[in-house]
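run_16.txt (compact mmCIF, C-alpha atoms)
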# COMPACT_ATOMS: atom_id res chain seq x y z
CA MET A 1 -3.18 23.35 22.84
CA ARG A 2 -3.13 23.15 19.05
CA LYS A 3 -4.96 25.22 16.46
CA ILE A 4 -6.66 23.60 13.49
CA PHE A 5 -8.10 24.99 10.28
CA PHE A 6 -9.29 21.64 8.96
CA LEU A 7 -11.73 20.70 11.72
CA THR A 8 -14.22 18.85 9.51
CA THR A 9 -11.57 16.47 8.19
CA LEU A 10 -10.15 15.77 11.64
CA LEU A 11 -13.57 15.18 13.18
CA MET A 12 -14.52 12.75 10.41
CA ILE A 13 -11.34 10.77 11.02
CA ILE A 14 -11.85 10.71 14.80
CA LEU A 15 -15.49 9.69 14.54
CA ALA A 16 -14.60 6.96 12.06
CA ALA A 17 -12.00 5.69 14.49
CA THR A 18 -14.43 5.25 17.34
CA ALA A 19 -17.54 3.75 15.77
CA PHE A 20 -18.53 1.32 13.05
CA ALA A 21 -21.85 0.00 11.80
CA ALA A 22 -20.94 -2.55 9.14
CA GLU A 23 -19.99 -6.13 9.85
CA GLU A 24 -20.36 -5.75 13.61
CA PRO A 25 -19.16 -8.99 15.28
CA ALA A 26 -21.44 -11.11 17.42
CA ALA A 27 -21.04 -10.21 21.09
CA GLU A 28 -20.80 -13.69 22.54
CA GLU A 29 -18.09 -12.58 24.97
CA PRO A 30 -17.49 -9.16 26.54
CA ALA A 31 -14.80 -7.04 24.89
CA ALA A 32 -11.43 -7.13 26.58
CA GLU A 33 -10.28 -4.12 28.57
CA ASN A 34 -6.74 -4.86 27.45
CA PRO A 35 -6.93 -6.70 24.10
CA ALA A 36 -3.16 -6.97 23.73
CA ALA A 37 -2.80 -8.64 27.11
CA GLU A 38 -5.71 -11.00 26.45
CA ALA A 39 -4.13 -12.03 23.16
CA GLU A 40 -1.02 -13.16 25.02
CA GLN A 41 -3.10 -15.10 27.56
CA THR A 42 -5.07 -16.93 24.86
CA ASN A 43 -1.97 -17.62 22.77
CA ASP A 44 -3.32 -15.66 19.80
CA GLU A 45 -0.68 -15.49 17.10
CA PRO A 46 0.18 -12.51 14.87
CA PHE A 47 -2.02 -12.55 11.78
CA GLU A 48 -0.95 -11.50 8.30
CA TYR A 49 -3.88 -9.67 6.75
CA THR A 50 -4.10 -9.04 3.01
CA SER A 51 -6.57 -6.61 1.48
CA GLU A 52 -7.56 -7.77 -2.00
CA ASP A 53 -9.53 -4.57 -2.62
CA PHE A 54 -6.84 -2.09 -1.62
CA LYS A 55 -3.80 -4.22 -2.44
CA PHE A 56 -1.75 -4.31 0.75
CA THR A 57 -0.58 -6.76 3.37
CA ILE A 58 0.06 -5.99 7.04
CA THR A 59 0.91 -8.09 10.08
CA CYS A 60 -1.70 -7.62 12.83
CA PRO A 61 -1.40 -8.49 16.55
CA PHE A 62 -4.09 -11.12 15.90
CA LYS A 63 -6.88 -11.78 13.41
CA PRO A 64 -9.35 -8.87 13.08
CA ILE A 65 -12.88 -9.58 14.29
CA ALA A 66 -14.25 -7.21 11.63
CA VAL A 67 -13.07 -5.32 8.56
CA VAL A 68 -14.87 -2.11 7.56
CA GLN A 69 -14.20 -0.64 4.12
CA ASN A 70 -13.92 3.15 3.75
CA PRO A 71 -15.05 3.98 7.31
CA TRP A 72 -14.78 7.72 6.54
CA GLN A 73 -17.81 7.49 4.22
CA GLU A 74 -16.11 10.00 1.94
CA THR A 75 -15.60 9.24 -1.75
CA ASP A 76 -12.10 10.71 -1.90
CA LYS A 77 -10.72 8.36 0.78
CA HIS A 78 -9.90 4.69 0.27
CA GLY A 79 -8.93 2.05 2.78
CA GLU A 80 -10.10 -0.16 5.61
CA MET A 81 -10.55 -0.26 9.37
CA LEU A 82 -9.30 -3.49 10.95
CA VAL A 83 -11.16 -4.05 14.22
CA PHE A 84 -9.48 -6.12 16.93
CA ALA A 85 -11.76 -5.29 19.87
CA ASN A 86 -14.96 -3.34 20.43
CA GLU A 87 -17.61 -2.40 22.95
CA GLY A 88 -20.86 -2.23 21.03
CA ILE A 89 -20.29 0.14 18.11
CA ASP A 90 -17.23 1.69 19.75
CA VAL A 91 -13.90 0.39 18.47
CA THR A 92 -11.49 0.03 21.40
CA TYR A 93 -8.59 -1.47 19.45
CA GLY A 94 -7.90 -1.38 15.74
CA TYR A 95 -6.04 0.08 12.77
CA ILE A 96 -7.37 2.44 10.12
CA ILE A 97 -5.38 2.16 6.90
CA GLN A 98 -5.76 4.74 4.14
CA VAL A 99 -4.03 4.13 0.80
CA ASP A 100 -4.37 7.67 -0.57
CA ALA A 101 -3.69 9.64 2.58
CA PHE A 102 -1.99 12.66 1.05
CA LYS A 103 -1.04 14.16 -2.30
CA THR A 104 2.56 13.39 -3.09
CA GLU A 105 3.14 16.82 -4.64
CA ASP A 106 2.00 18.55 -1.41
CA VAL A 107 4.28 16.61 0.94
CA PRO A 108 8.10 16.51 0.91
CA ASP A 109 9.93 13.26 0.23
CA PHE A 110 10.69 11.87 3.69
CA ASN A 111 13.72 10.00 2.34
CA LYS A 112 15.23 12.51 -0.09
CA GLY A 113 13.57 15.83 0.74
CA SER A 114 15.47 18.78 2.16
CA VAL A 115 15.77 19.17 5.92
CA ALA A 116 14.09 22.58 5.68
CA ALA A 117 11.09 21.29 3.69
CA ILE A 118 10.54 18.35 6.05
CA GLY A 119 10.94 20.65 9.06
CA ASP A 120 8.32 23.05 7.73
CA TYR A 121 5.95 20.17 7.06
CA LEU A 122 6.29 18.85 10.63
CA LYS A 123 5.83 22.36 12.00
CA ASP A 124 2.61 22.82 10.01
CA LEU A 125 1.25 19.50 11.28
CA LYS A 126 1.73 20.67 14.85
CA GLU A 127 0.56 24.25 14.39
CA LYS A 128 -2.28 23.79 11.87
CA GLY A 129 -3.00 20.08 11.64
CA GLY A 130 -4.26 19.37 15.15
CA PHE A 131 -1.29 17.23 16.19
CA ALA A 132 0.49 17.52 19.54
CA ASP A 133 3.64 15.95 18.13
CA ALA A 134 5.02 15.11 14.69
CA ARG A 135 8.45 13.70 13.98
CA LEU A 136 10.46 11.96 11.26
CA VAL A 137 10.94 8.24 11.98
CA GLN A 138 12.72 5.30 10.39
CA ILE A 139 9.96 2.84 9.46
CA THR A 140 12.21 0.29 7.77
CA LYS A 141 15.92 0.26 7.00
CA LYS A 142 15.29 1.95 3.65
CA ASN A 143 12.14 3.96 4.25
CA LYS A 144 11.28 6.92 6.48
CA GLY A 145 7.92 8.33 7.46
CA VAL A 146 6.28 10.73 9.88
CA SER A 147 4.85 9.66 13.23
CA THR A 148 2.24 11.90 14.86
CA ILE A 149 -0.08 12.01 17.85
CA THR A 150 -3.27 14.06 17.93
CA ALA A 151 -3.67 16.92 20.40
CA GLU A 152 -5.98 16.68 23.40
CA LYS A 153 -7.30 20.23 22.98
CA ILE A 154 -7.68 22.06 19.69
CA ASP A 155 -8.62 25.66 18.96
CA VAL A 156 -11.21 25.75 16.19
CA ILE A 157 -10.39 28.65 13.85
CA ASP A 158 -12.65 30.10 11.17
CA PRO A 159 -10.60 29.86 7.94
CA ASP A 160 -12.28 33.00 6.58
CA THR A 161 -11.79 35.31 9.58
CA GLY A 162 -8.86 33.63 11.30
CA GLU A 163 -10.67 34.00 14.62
CA VAL A 164 -11.07 31.28 17.24
CA GLU A 165 -14.64 29.94 17.20
CA GLY A 166 -14.33 27.49 20.05
CA GLU A 167 -12.41 24.57 21.44
CA PHE A 168 -12.56 20.90 20.55
CA VAL A 169 -11.64 18.57 23.41
CA ALA A 170 -10.84 15.01 22.33
CA ASP A 171 -11.83 12.12 24.58
CA LYS A 172 -8.65 10.30 23.57
CA GLN A 173 -5.55 10.72 21.45
CA TYR A 174 -4.61 8.81 18.30
CA VAL A 175 -1.31 7.85 16.73
CA TYR A 176 -0.79 8.17 12.97
CA THR A 177 2.08 7.22 10.69
CA PHE A 178 2.38 8.72 7.20
CA PHE A 179 4.76 7.31 4.59
CA ARG A 180 5.26 6.48 0.93
CA THR A 181 5.75 2.92 -0.21
CA PRO A 182 8.59 2.02 -2.61
CA GLU A 183 5.83 1.66 -5.22
CA GLY A 184 4.84 5.31 -4.69
CA ARG A 185 1.54 5.10 -2.81
CA CYS A 186 0.87 7.53 0.05
CA ILE A 187 -0.16 5.59 3.16
CA SER A 188 -1.60 6.54 6.54
CA ILE A 189 -1.97 4.00 9.36
CA GLN A 190 -3.86 5.07 12.47
CA LEU A 191 -3.81 3.30 15.81
CA VAL A 192 -7.16 3.19 17.58
CA SER A 193 -6.65 2.17 21.19
CA ALA A 194 -8.31 2.62 24.55
CA SER A 195 -4.95 3.90 25.76
CA LEU A 196 -1.54 4.75 24.33
CA GLU A 197 0.40 2.51 26.68
CA LYS A 198 3.70 1.18 25.38
CA THR A 199 2.41 -2.34 24.60
CA PHE A 200 -0.10 -1.08 22.05
CA VAL A 201 2.25 1.46 20.47
CA ASP A 202 5.15 -1.01 20.12
CA VAL A 203 2.93 -3.63 18.45
CA TYR A 204 1.50 -0.95 16.18
CA ARG A 205 4.96 0.20 15.11
CA GLY A 206 5.84 -3.37 14.24
CA SER A 207 2.70 -3.59 12.10
CA VAL A 208 3.56 -0.35 10.31
CA ALA A 209 7.05 -1.68 9.54
CA SER A 210 5.52 -4.88 8.12
CA PHE A 211 3.28 -3.02 5.63
CA LYS A 212 3.66 -4.32 2.08
CA ASP A 213 2.27 -2.59 -1.00
CA ASN A 214 0.89 -5.22 -3.37
CA ILE A 215 0.23 -2.84 -6.26
CA LYS A 216 3.48 -3.91 -7.91
CA ASP A 217 2.45 -7.56 -7.71
CA LYS A 218 -0.87 -6.70 -9.37
CA LYS A 219 0.88 -4.87 -12.20
CA SER A 220 3.34 -7.68 -12.60
CA LYS A 221 0.51 -10.16 -12.96
CA LYS A 222 -1.11 -7.99 -15.63
CA ASP A 223 2.18 -7.73 -17.48
CA LYS A 224 2.60 -11.49 -17.32
CA ASP A 225 -0.94 -12.02 -18.63
CA LYS A 226 -0.27 -9.61 -21.52
CA LYS A 227 2.97 -11.39 -22.39
CA LYS A 228 1.17 -14.72 -22.25
CA ASP A 229 -1.58 -13.45 -24.57
CA LYS A 230 1.03 -12.18 -27.05
CA LYS A 231 2.86 -15.49 -26.92
CA ASP A 232 -0.38 -17.41 -27.46
CA LYS A 233 -1.20 -15.25 -30.50
CA LYS A 234 2.26 -15.80 -31.96
CA ASP A 235 1.96 -19.54 -31.43
CA LYS A 236 -1.41 -19.58 -33.17
CA LYS A 237 0.04 -17.71 -36.16
CA LYS A 238 2.88 -20.21 -36.38
CA ASP A 239 0.45 -23.11 -36.26
CA LYS A 240 -1.59 -21.61 -39.13
CA LYS A 241 1.55 -21.32 -41.26

Go ahead and render the structure in this file as structure tokens.
Amino acid sequence: MRKIFFLTTLLMIILAATAFAAEEPAAEEPAAENPAAEAEQTNDEPFEYTSEDFKFTITCPFKPIAVVQNPWQETDKHGEMLVFANEGIDVTYGYIIQVDAFKTEDVPDFNKGSVAAIGDYLKDLKEKGGFADARLVQITKKNKGVSTITAEKIDVIDPDTGEVEGEFVADKQYVYTFFRTPEGRCISIQLVSASLEKTFVDVYRGSVASFKDNIKDKKSKKDKDKKKDKKDKKDKKKDKK
């Protein structure tokens, strides 16, 4: 059982993970009980999804049936929920990707931070963050992150008194991965799944490893446009002379 001081935040994330109202797909066929298995049977291919609004690319198990922007409905969070399968408004398979998941100054560098600082951070996630497990993982050859799984039962503690007010029992557990991109953005990718069987988790880990931050590309394009504008101005001046 885990204790949590930030119940409101956790509940908002969990509720966002299990329901969506915008862009609900037409229910011509019943949702699959095992979306990953059905994808193999129907020869669905991995799909490379690019978010133009939040500037990232990620390889999905197959093409999302819906994309919901900022499912948290909180102004300080930014990202998208990619829905792969649903039953009515309940999302049974999907990813929730947040591009500003944590403040870089509050979290140790997973690649260069001290062992003690990273250890304390993981300990806090388990003791105060509502996670049953949190560990350092190698996301790509050059980049590390933190993989977590939410607790099934959480003690709800009043932050003012420090006393236990009750118990929150989750109907399911969720997997999160937190990491920084080489470009410096702080990313969280959450797996929403009817179960945490190995098939779903392995595919999810592959998707996390495929994540590409396109912010650099955007800046590069701006820089190129500025250089082009300067060059055009210089050419015009030369022509006038």

Exercise for the section: May I ask which of the residues A:Asp100, A:Phe178, A:Lys212, A:Ile58 is the closest one to A:Thr75, counting only C-alpha atoms? Expected result: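 Nearest candidate to A:Thr75 out of A:Asp100, A:Phe178, A:Lys212, A:Ile58: A:Asp100.
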
Near A:Ile118, within 8 Å and counting only C-alpha atoms, which residues show up once chain neighbours fewer than 6 positions away are dropped, as a PDB file with C-alpha atoms, in the coordinates of the input?
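selection_4.pdb written:
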ATOM      1  CA  PRO A 108       8.100  16.510   0.910  1.00  0.00           C
ATOM      2  CA  ASP A 109       9.930  13.260   0.230  1.00  0.00           C
ATOM      3  CA  PHE A 110      10.690  11.870   3.690  1.00  0.00           C
TER       4      PHE A 110
END

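Across the structure, atom CA of A:Leu82 and atom CA of A:Ala170 are spaced 21.8 Å apart.
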
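Across the model, the gap from atom CA of A:Ile215 to atom CA of A:Lys55 is 5.7 Å.
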
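Ranking A:Ala151, A:Val91, A:Ile97, A:Cys186 by their shortest atom-to-atom distance to A:Ile65, with all atoms listed in the file included, puts A:Val91 first.
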
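Between atom CA of A:Thr148 and atom CA of A:Glu167 the separation is 20.5 Å.
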
Exercise for the section: Within 9 Å of A:Asp133, counting all atoms listed in the file, which residues show up once you throw out same-chain ones fewer than 3 positions away? Write them as a ChimeraX atom specification, please. Expected result: /A:122,125-126,147-151

Practice task
Would you kindly identify which residues have an atom no farther than 12 Å from (2.5, 12.8, -4.9), using only C-alpha atoms and the file's own coordinates, and write them out as JSON, numbers by chain?
Solution key: {"A": [100, 101, 102, 103, 104, 105, 106, 107, 108, 109, 110, 179, 180, 181, 183, 184, 185, 186, 187]}

Exercise for the section: Go through A:Pro46, A:Asp90, A:Arg205, A:Asn214 one by one, measure the shortest atom-to-atom distance of each to A:Ile139 using all atoms listed in the file, and give the residue with the smallest value. Expected result: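 Of all the options, A:Arg205 lies closest to A:Ile139.
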
Practice task
Identify which of the residues A:Pro71, A:Gly145, A:Gly206, A:Pro64 lies closest to A:Thr177, counting all atoms listed in the file when measuring atom-to-atom distances.
Solution key: A:Gly145

Problem - Residue among A:Thr92, A:Val169, A:Lys142, A:Ala117 lying closest to A:Leu196, counting all atoms listed in the file - result: A:Thr92
